[in-house]
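J.: Sharing a structure, written as structure tokens. Questions coming.
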Amino acid sequence: MFQTNPSYVKRWLCLWIMGVSMYSTQNCVASDSISIRNHRMEKSVLLDKIKGGWAGQTIGVTFGWPSEFKYLGTYIQDYETIPWHADYVNEAMTTFPGLYDDVYVDLTFVEVFEKFGMDAPLDEFGKAFAGKAYELWHANQAGRYNLQQGVPAIEAGHWLNNPHADDIDFQIEADFAGLMSPGMADVATDITDKVGRIINSGDGLYGGVYVANLYALAFIHDNIFFIITEALRAIPMESKFHHCISDVIRWHKAYPDDWKQTWFEVQKKWAEDVGCPHGVFHPLNIDAKLNAAYVVAGLLYGNGDFTRTLEIATRLGQDSDCNPATAAGILGVLKGYRHIPEYWLKPLQQAEHRNFAYTDLSLDQVYRLSYQHALANIQYHGGDTVGTAVRIPISEARTVAFEENFAGHYPREYISLKKTFSDEIAFDIEGIGFVIRGYVQKKVTDAEEHVVRAALYIDGEEVEQANFPSDPMKSRTELFWRYQLPKKGHRIEIKILSPHPQYELYAVDCLIYDNLK
């Protein structure tokens with residue numbers, strides 16, 4: 001067994017050399033193990049890989065721009081050409097600044113590290129995120145609203161407070177954590193396990209942890225399959241996220257030349273959404289694990305080829321700008337900026353000087369800032385950054401704690417409400433939980449911004465009061481929700497506490513949960 005296990009030989013060879021020469025340990029890292037403690041990398045290589053990560057992410061989100069959430073429950077056929085031209089990044093940044101939510105939310109967290117250092121507390125991330133006036137959706141918007149309403153940062157993404165807790169949001173914004181933790185997967189885990197809780201929990205949080213690990217490992221390994229499987233060690237084995245990604249790895253082995261067959265297998269087993277009120281009983285699927293499956297499929301079937309990886313990760317559909325952004329960002333780290341094909345890089349370089357929407361940062365500035373944060377993070381965790389190379393301290397991957405959102409909750413039906421009200425609404429349900437979709441709306445087009453306050457009653461008892469700002473940057477994603485109720489009939493009432501002649505609430509429908517599938 002000893003002779004047939006190359007990683008075992010390499011590890012013991014390293015340990016033997018360490019006993020002879022302490023100098024050698026800086027360079028001794030087995031290609032399929034992260035247990036060896038130090039890795040030496042030239043600073044020029046480190047910078048090139050960090051640039052490759054940010055460049056790949058920006059290229060990927062731009063490439064997926066026309067197809068985002070247009071291919072729901074299907075993939076983009078081979079005969080469909082996905083556009084790309086010499087000034088495409090500039091065009092996208094001008095036409096749809098909100099496309100780059102992947103990047104500008106990332107940069108919010110980068111700014112916090114710049115201001116407060118490597119031990120920045122969670123509350124500072126929460127304050128920064130709550131104060132940003134950029135476009136957000138789903139778990140991001142629900143988390144920001146919670147923070148703005150005084151919910152503690154540690155609880156803002158919890159599924160009991162956030163119906164979108166399993167959505168993709170933090171998964172597409174965790175790049176920064178891996179890019180500032182080169183080779184230090186456990187450090188990337190610590191950062192994401194903390195910061196991600198202002199947006200997601202459970203599988204939604206795991207998406208961010210997993211992506212950050214993929215980035216961190218891509219700095220020191222060049223085997224895509226190893227990176228994908230090793231990063232999965234950070235995710236609890238009993239989680240659905242782990243099961244889903246493990247299935248993709250298995251299906252890739254079974255169908256190594258057919259990504260479409262793997263897509264079908266993913267659809268059959270993992271396309272059923274439970275949490276997101278917009279994805280249940282609908283082909284839209286913004287679930288973290290499903291879209292992470294598409295990222296992993298893109299990386300596996302792309303097999304290190306930048307163009308093929310982008311094409312497949314995009315053609316798999318659903319969140320088809322965020323998924324190629326993640327895949328291309330990871331591959332950009334692995335290959336480095338200099339090795340991104342000119343076809344993709346040239347249009348990006350035309351826009352590297354431009355600030356992203358809602359920030360004072362351009363890619364040119366982000367490259368340098370992220371590099372400085374990586375150096376600081378290496379030093380903070382016991383590495384060495386003196387001279388022309390860095391010594392990166394590497395340790396074993398850490399598995400985060402297991403948690404499951406919406407456990408024992410199964411969507412049973414939507415009941416249509418379609419009612420505008422300025423005073424109250426009441427209806428009956430049978431089940432263990434519900435989500436009432438709806439929003440505040442103006443009766444008069446030019447009415448000044450206002451906050452409507454309303455209360456939720458269940459079986460005659462007031463259980464919550466909530467604010468409904470008309471400002472879209474401060475809006476509540478749904479009217480009300482409640483889980484973990486006794487299984488029986490319930491009387492649901494919403495009463496407006498602060499009536500306003502120019503404002504009303506509109507109830508769209510109510511998603512009802514049962515404890516039986």
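How things are named: the first chain in the structure tokens is A, the next is B, and so on; residues count from 1 in each chain; ligands count from 1 in the order shown.
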Please produce, as CSV, a per-residue contact table for range 228-290 of chain A versus range 181-197 of chain A (criterion: any atom at most 12 Å away, only C-alpha atoms considered), showing the nearest atom pair and its distance in Å to one decimal, sorted by chain then residue number.
T.:
residue,atom,partner,partner_atom,distance
A:Glu230,CA,A:Ala185,CA,9.5
A:Ala231,CA,A:Ala185,CA,7.7
A:Leu232,CA,A:Ala185,CA,10.8
A:Arg233,CA,A:Ala185,CA,10.1
A:Ala234,CA,A:Thr189,CA,7.2
A:Ile235,CA,A:Thr189,CA,9.6
J.: Quick one: pick out all alpha helix (DSSP H) residues within range 64-254 of chain A from a backbone DSSP run and write them as number ranges by chain.
T.: A: 88-95, 101-116, 122-130, 138-148, 175-179, 185-195, 202-218, 224-231, 240-254
J.: Restricting the calculation to only C-alpha atoms: of A:Ile458, A:Ile228, A:Ala407, A:Val103, which residue gets closest to Leu299 in chain A?
T.: A:Ile228
J.: Would you write out, as CSV, a table of all residues in range 64-144 of chain A that have an atom no more than 9 Å from an atom of range 259-281 of chain A, listing for each the closest atom pair and the distance in Å to one decimal, considering only C-alpha atoms and ordering rows by chain and rising residue number?
T.:
residue,atom,partner,partner_atom,distance
A:Gly73,CA,A:Gln267,CA,7.4
A:Thr74,CA,A:Trp263,CA,8.8
A:Tyr75,CA,A:Trp263,CA,8.2
A:His138,CA,A:Cys276,CA,8.0
A:Ala139,CA,A:Cys276,CA,8.9
J.: Rank nothing, just name the residue among A:Ala165, A:Ala288, A:Ala297, A:Leu136 nearest to Tyr210 in chain A, using only C-alpha atoms.
T.: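 Looking only at the distances to Tyr210 in chain A, the closest residue turns out to be A:Ala288.
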J.: One decimal, Å: what's the distance from CA of Leu147 in chain A over to CA of Ile286 in chain A, could you say?
T.: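 According to the coordinates, CA of Leu147 in chain A and CA of Ile286 in chain A are separated by 22.1 Å.
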J.: I want to know what sits within 8 Å of Phe219 in chain A, based on only C-alpha atoms, with residues of the same chain fewer than 4 positions away left out; could you give that as a PyMOL selection string?
T.: chain A and resi 46+49+182-183+215+333-334
J.: One decimal, Å: what's the distance from CA of Ala174 in chain A over to CA of Gly208 in chain A, could you say?
T.: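 Distance between the two atoms: 5.1 Å.
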J.: Between A:Lys418, A:Lys346, A:His243, A:Arg437, which one has atoms that come closest to Ile59 in chain A, using only C-alpha atoms?
T.: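 Comparing A:Lys418, A:Lys346, A:His243, A:Arg437 against Ile59 in chain A, the winner is A:Lys346.
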J.: When you count only C-alpha atoms, which of these residues is closest to Asp364 in chain A: A:Leu348, A:Ile378, A:Phe306, A:Arg412?
T.: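 With only C-alpha atoms as the atom set, the closest residue is A:Leu348.
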J.: Find the residues near Trp84 in chain A: any atom within 12 Å, counting only C-alpha atoms, skip ones fewer than 4 places away on the same chain, and give them as a short mmCIF file (atom, residue, chain, number, x, y, z; two decimals) with C-alpha atoms, in the first residue's frame.
T.:
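File written: result25.cif
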data_model
loop_
_atom_site.label_atom_id
_atom_site.label_comp_id
_atom_site.auth_asym_id
_atom_site.auth_seq_id
_atom_site.Cartn_x
_atom_site.Cartn_y
_atom_site.Cartn_z
CA ILE A 59 -16.04 38.08 -17.71
CA GLY A 60 -18.38 35.28 -16.63
CA VAL A 61 -21.16 37.51 -15.33
CA THR A 62 -20.97 39.61 -18.50
CA PHE A 63 -21.10 36.56 -20.77
CA GLY A 64 -24.22 35.30 -19.01
CA TRP A 65 -26.00 38.66 -19.14
CA PRO A 66 -28.50 37.93 -21.97
CA TYR A 88 -19.11 43.91 -24.48
CA VAL A 89 -18.04 44.55 -20.87
CA ASN A 90 -18.31 48.31 -21.36
CA GLU A 91 -21.73 47.84 -22.94
CA ALA A 92 -22.98 45.71 -20.03
CA THR A 307 -13.89 28.93 -23.15
CA LEU A 310 -17.70 29.42 -19.64
CA GLU A 311 -19.90 27.95 -22.36
CA TYR A 343 -10.69 36.72 -26.88
CA TRP A 344 -12.08 37.10 -23.36
CA LEU A 345 -9.47 39.35 -21.83
CA LYS A 346 -9.36 42.16 -24.39
CA PRO A 347 -12.99 43.30 -23.89
CA LEU A 348 -12.46 43.20 -20.14
#
J.: Find the residues near Pro236 in chain A: any atom within 12 Å, counting only C-alpha atoms, skip ones fewer than 6 places away on the same chain, and give them as number ranges by chain.
T.: A: 202-203, 205-207, 209-210, 242-246, 397-404
J.: Take the residues just selected and output them with C-alpha atoms as a CSV table (one decimal), in the first residue's frame.
T.:
chain,number,residue,atom,x,y,z
A,202,GLY,CA,-28.0,26.2,5.8
A,203,ASP,CA,-27.4,25.2,2.2
A,205,LEU,CA,-24.5,29.6,3.6
A,206,TYR,CA,-22.8,26.4,2.5
A,207,GLY,CA,-22.7,27.7,-1.1
A,209,VAL,CA,-18.3,28.4,2.1
A,210,TYR,CA,-17.8,26.0,-0.8
A,242,HIS,CA,-22.9,17.9,0.0
A,243,HIS,CA,-25.2,15.2,-1.4
A,244,CYS,CA,-26.0,17.3,-4.5
A,245,ILE,CA,-22.4,18.2,-5.4
A,246,SER,CA,-21.3,14.6,-4.7
A,397,ALA,CA,-9.9,22.0,5.8
A,398,ARG,CA,-12.5,22.6,8.5
A,399,THR,CA,-16.0,21.3,8.2
A,400,VAL,CA,-18.7,23.8,9.3
A,401,ALA,CA,-21.5,22.9,11.6
A,402,PHE,CA,-24.5,21.1,10.1
A,403,GLU,CA,-27.8,23.1,9.9
A,404,GLU,CA,-30.8,22.5,7.7
J.: Tell me, as a PyMOL selection string, which residues lie within 12 Å of Phe468 in chain A, counting only C-alpha atoms; anything in the same chain fewer than 5 positions away does not count.
T.: chain A and resi 145-146+148-149+438-442+449-455+473-480+496-499+503-506
J.: Write to file, as an mmCIF file, in the first residue's frame, the residues of the selection just made, with N, CA and C atoms.
T.:
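Heads up, here's the output in again19.cif:
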data_model
loop_
_atom_site.group_PDB
_atom_site.id
_atom_site.type_symbol
_atom_site.label_atom_id
_atom_site.label_comp_id
_atom_site.auth_asym_id
_atom_site.auth_seq_id
_atom_site.Cartn_x
_atom_site.Cartn_y
_atom_site.Cartn_z
ATOM 1 N N TYR A 145 -32.814 44.104 4.526
ATOM 2 C CA TYR A 145 -33.992 44.618 5.223
ATOM 3 C C TYR A 145 -33.918 44.266 6.715
ATOM 4 N N ASN A 146 -33.600 43.015 7.022
ATOM 5 C CA ASN A 146 -33.510 42.596 8.413
ATOM 6 C C ASN A 146 -32.512 43.455 9.186
ATOM 7 N N GLN A 148 -31.478 46.480 8.432
ATOM 8 C CA GLN A 148 -32.002 47.842 8.539
ATOM 9 C C GLN A 148 -33.076 47.965 9.609
ATOM 10 N N GLN A 149 -33.770 46.863 9.885
ATOM 11 C CA GLN A 149 -34.830 46.864 10.888
ATOM 12 C C GLN A 149 -34.337 46.451 12.277
ATOM 13 N N GLY A 438 -46.417 39.619 -1.347
ATOM 14 C CA GLY A 438 -47.111 40.878 -1.558
ATOM 15 C C GLY A 438 -46.163 42.045 -1.371
ATOM 16 N N TYR A 439 -46.716 43.260 -1.369
ATOM 17 C CA TYR A 439 -45.862 44.442 -1.301
ATOM 18 C C TYR A 439 -46.704 45.672 -0.977
ATOM 19 N N VAL A 440 -46.010 46.732 -0.595
ATOM 20 C CA VAL A 440 -46.647 48.022 -0.382
ATOM 21 C C VAL A 440 -46.705 48.741 -1.722
ATOM 22 N N GLN A 441 -47.775 49.459 -1.974
ATOM 23 C CA GLN A 441 -47.878 50.191 -3.240
ATOM 24 C C GLN A 441 -48.541 51.548 -3.021
ATOM 25 N N LYS A 442 -48.192 52.459 -3.931
ATOM 26 C CA LYS A 442 -48.728 53.814 -3.875
ATOM 27 C C LYS A 442 -50.100 53.862 -4.529
ATOM 28 N N GLU A 449 -42.127 59.000 -0.436
ATOM 29 C CA GLU A 449 -41.806 57.703 0.156
ATOM 30 C C GLU A 449 -42.360 57.630 1.575
ATOM 31 N N HIS A 450 -42.807 56.437 1.940
ATOM 32 C CA HIS A 450 -43.486 56.272 3.226
ATOM 33 C C HIS A 450 -43.255 54.850 3.735
ATOM 34 N N VAL A 451 -43.418 54.682 5.042
ATOM 35 C CA VAL A 451 -43.307 53.366 5.660
ATOM 36 C C VAL A 451 -44.655 52.987 6.252
ATOM 37 N N VAL A 452 -45.254 51.928 5.729
ATOM 38 C CA VAL A 452 -46.504 51.391 6.271
ATOM 39 C C VAL A 452 -46.149 50.356 7.335
ATOM 40 N N ARG A 453 -46.854 50.413 8.452
ATOM 41 C CA ARG A 453 -46.621 49.420 9.511
ATOM 42 C C ARG A 453 -47.853 48.543 9.647
ATOM 43 N N ALA A 454 -47.617 47.230 9.755
ATOM 44 C CA ALA A 454 -48.722 46.278 9.849
ATOM 45 C C ALA A 454 -48.384 45.181 10.844
ATOM 46 N N ALA A 455 -49.404 44.487 11.290
ATOM 47 C CA ALA A 455 -49.234 43.403 12.261
ATOM 48 C C ALA A 455 -49.808 42.109 11.706
ATOM 49 N N MET A 473 -35.008 50.100 -2.040
ATOM 50 C CA MET A 473 -33.739 49.711 -1.415
ATOM 51 C C MET A 473 -33.921 49.301 0.040
ATOM 52 N N LYS A 474 -35.097 49.535 0.576
ATOM 53 C CA LYS A 474 -35.369 49.194 1.969
ATOM 54 C C LYS A 474 -36.575 48.266 2.106
ATOM 55 N N SER A 475 -37.040 47.731 1.000
ATOM 56 C CA SER A 475 -38.306 47.000 0.987
ATOM 57 C C SER A 475 -38.192 45.629 1.649
ATOM 58 N N ARG A 476 -39.348 45.146 2.066
ATOM 59 C CA ARG A 476 -39.461 43.802 2.645
ATOM 60 C C ARG A 476 -39.815 42.847 1.514
ATOM 61 N N THR A 477 -39.153 41.704 1.450
ATOM 62 C CA THR A 477 -39.315 40.819 0.293
ATOM 63 C C THR A 477 -40.690 40.178 0.216
ATOM 64 N N GLU A 478 -41.285 39.852 1.345
ATOM 65 C CA GLU A 478 -42.636 39.296 1.401
ATOM 66 C C GLU A 478 -43.404 40.029 2.498
ATOM 67 N N LEU A 479 -44.728 39.856 2.529
ATOM 68 C CA LEU A 479 -45.512 40.509 3.573
ATOM 69 C C LEU A 479 -45.226 39.883 4.942
ATOM 70 N N PHE A 480 -45.559 38.611 5.096
ATOM 71 C CA PHE A 480 -45.307 37.909 6.358
ATOM 72 C C PHE A 480 -45.061 36.437 6.075
ATOM 73 N N ILE A 496 -53.286 46.694 9.116
ATOM 74 C CA ILE A 496 -52.439 47.870 8.940
ATOM 75 C C ILE A 496 -52.571 48.759 10.163
ATOM 76 N N LEU A 497 -51.460 49.083 10.788
ATOM 77 C CA LEU A 497 -51.461 49.846 12.033
ATOM 78 C C LEU A 497 -51.327 51.343 11.795
ATOM 79 N N SER A 498 -50.823 51.712 10.622
ATOM 80 C CA SER A 498 -50.618 53.135 10.328
ATOM 81 C C SER A 498 -51.208 53.459 8.957
ATOM 82 N N PRO A 499 -52.516 53.489 8.854
ATOM 83 C CA PRO A 499 -53.153 53.759 7.554
ATOM 84 C C PRO A 499 -52.693 55.090 6.975
ATOM 85 N N TYR A 503 -51.273 55.187 0.471
ATOM 86 C CA TYR A 503 -50.593 53.886 0.450
ATOM 87 C C TYR A 503 -51.522 52.753 0.840
ATOM 88 N N GLU A 504 -51.194 51.549 0.334
ATOM 89 C CA GLU A 504 -51.948 50.344 0.647
ATOM 90 C C GLU A 504 -51.027 49.143 0.503
ATOM 91 N N LEU A 505 -51.468 48.008 0.999
ATOM 92 C CA LEU A 505 -50.737 46.756 0.805
ATOM 93 C C LEU A 505 -51.479 45.907 -0.215
ATOM 94 N N TYR A 506 -50.691 45.128 -0.961
ATOM 95 C CA TYR A 506 -51.289 44.207 -1.928
ATOM 96 C C TYR A 506 -50.825 42.800 -1.599
#
J.: Determine, counting only C-alpha atoms, which protein, DNA and RNA residues have an atom within 10 Å of an atom of Lys517 in chain A; residues of the same chain fewer than 3 positions away are not included. Present the result as a list in words.
T.: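 In the requested form, the answer reads Gly408, His409, Tyr410, Pro411, Arg412, Tyr513 and Asp514 of chain A.
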J.: My list of candidates is A:Met93, A:Leu331, A:Ala254, A:Leu214. Which is closest to Glu352 in chain A when distances are computed with only C-alpha atoms?
T.: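 Among A:Met93, A:Leu331, A:Ala254, A:Leu214, it is A:Met93 that comes nearest to Glu352 in chain A.
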J.: Of the candidates A:Ala357, A:Val435, A:Ala218, A:Ala55, which shows the shortest atom-to-atom distance to Gly98 in chain A, using only C-alpha atoms?
T.: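 Distance minimum relative to Gly98 in chain A lands on A:Ala357.
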J.: Kindly give the distance, in Å, that separates CA of Trp159 in chain A and CA of Phe406 in chain A, rounded to a single decimal.
T.: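 Computed distance, CA of Trp159 in chain A to CA of Phe406 in chain A, equals 7.2 Å.
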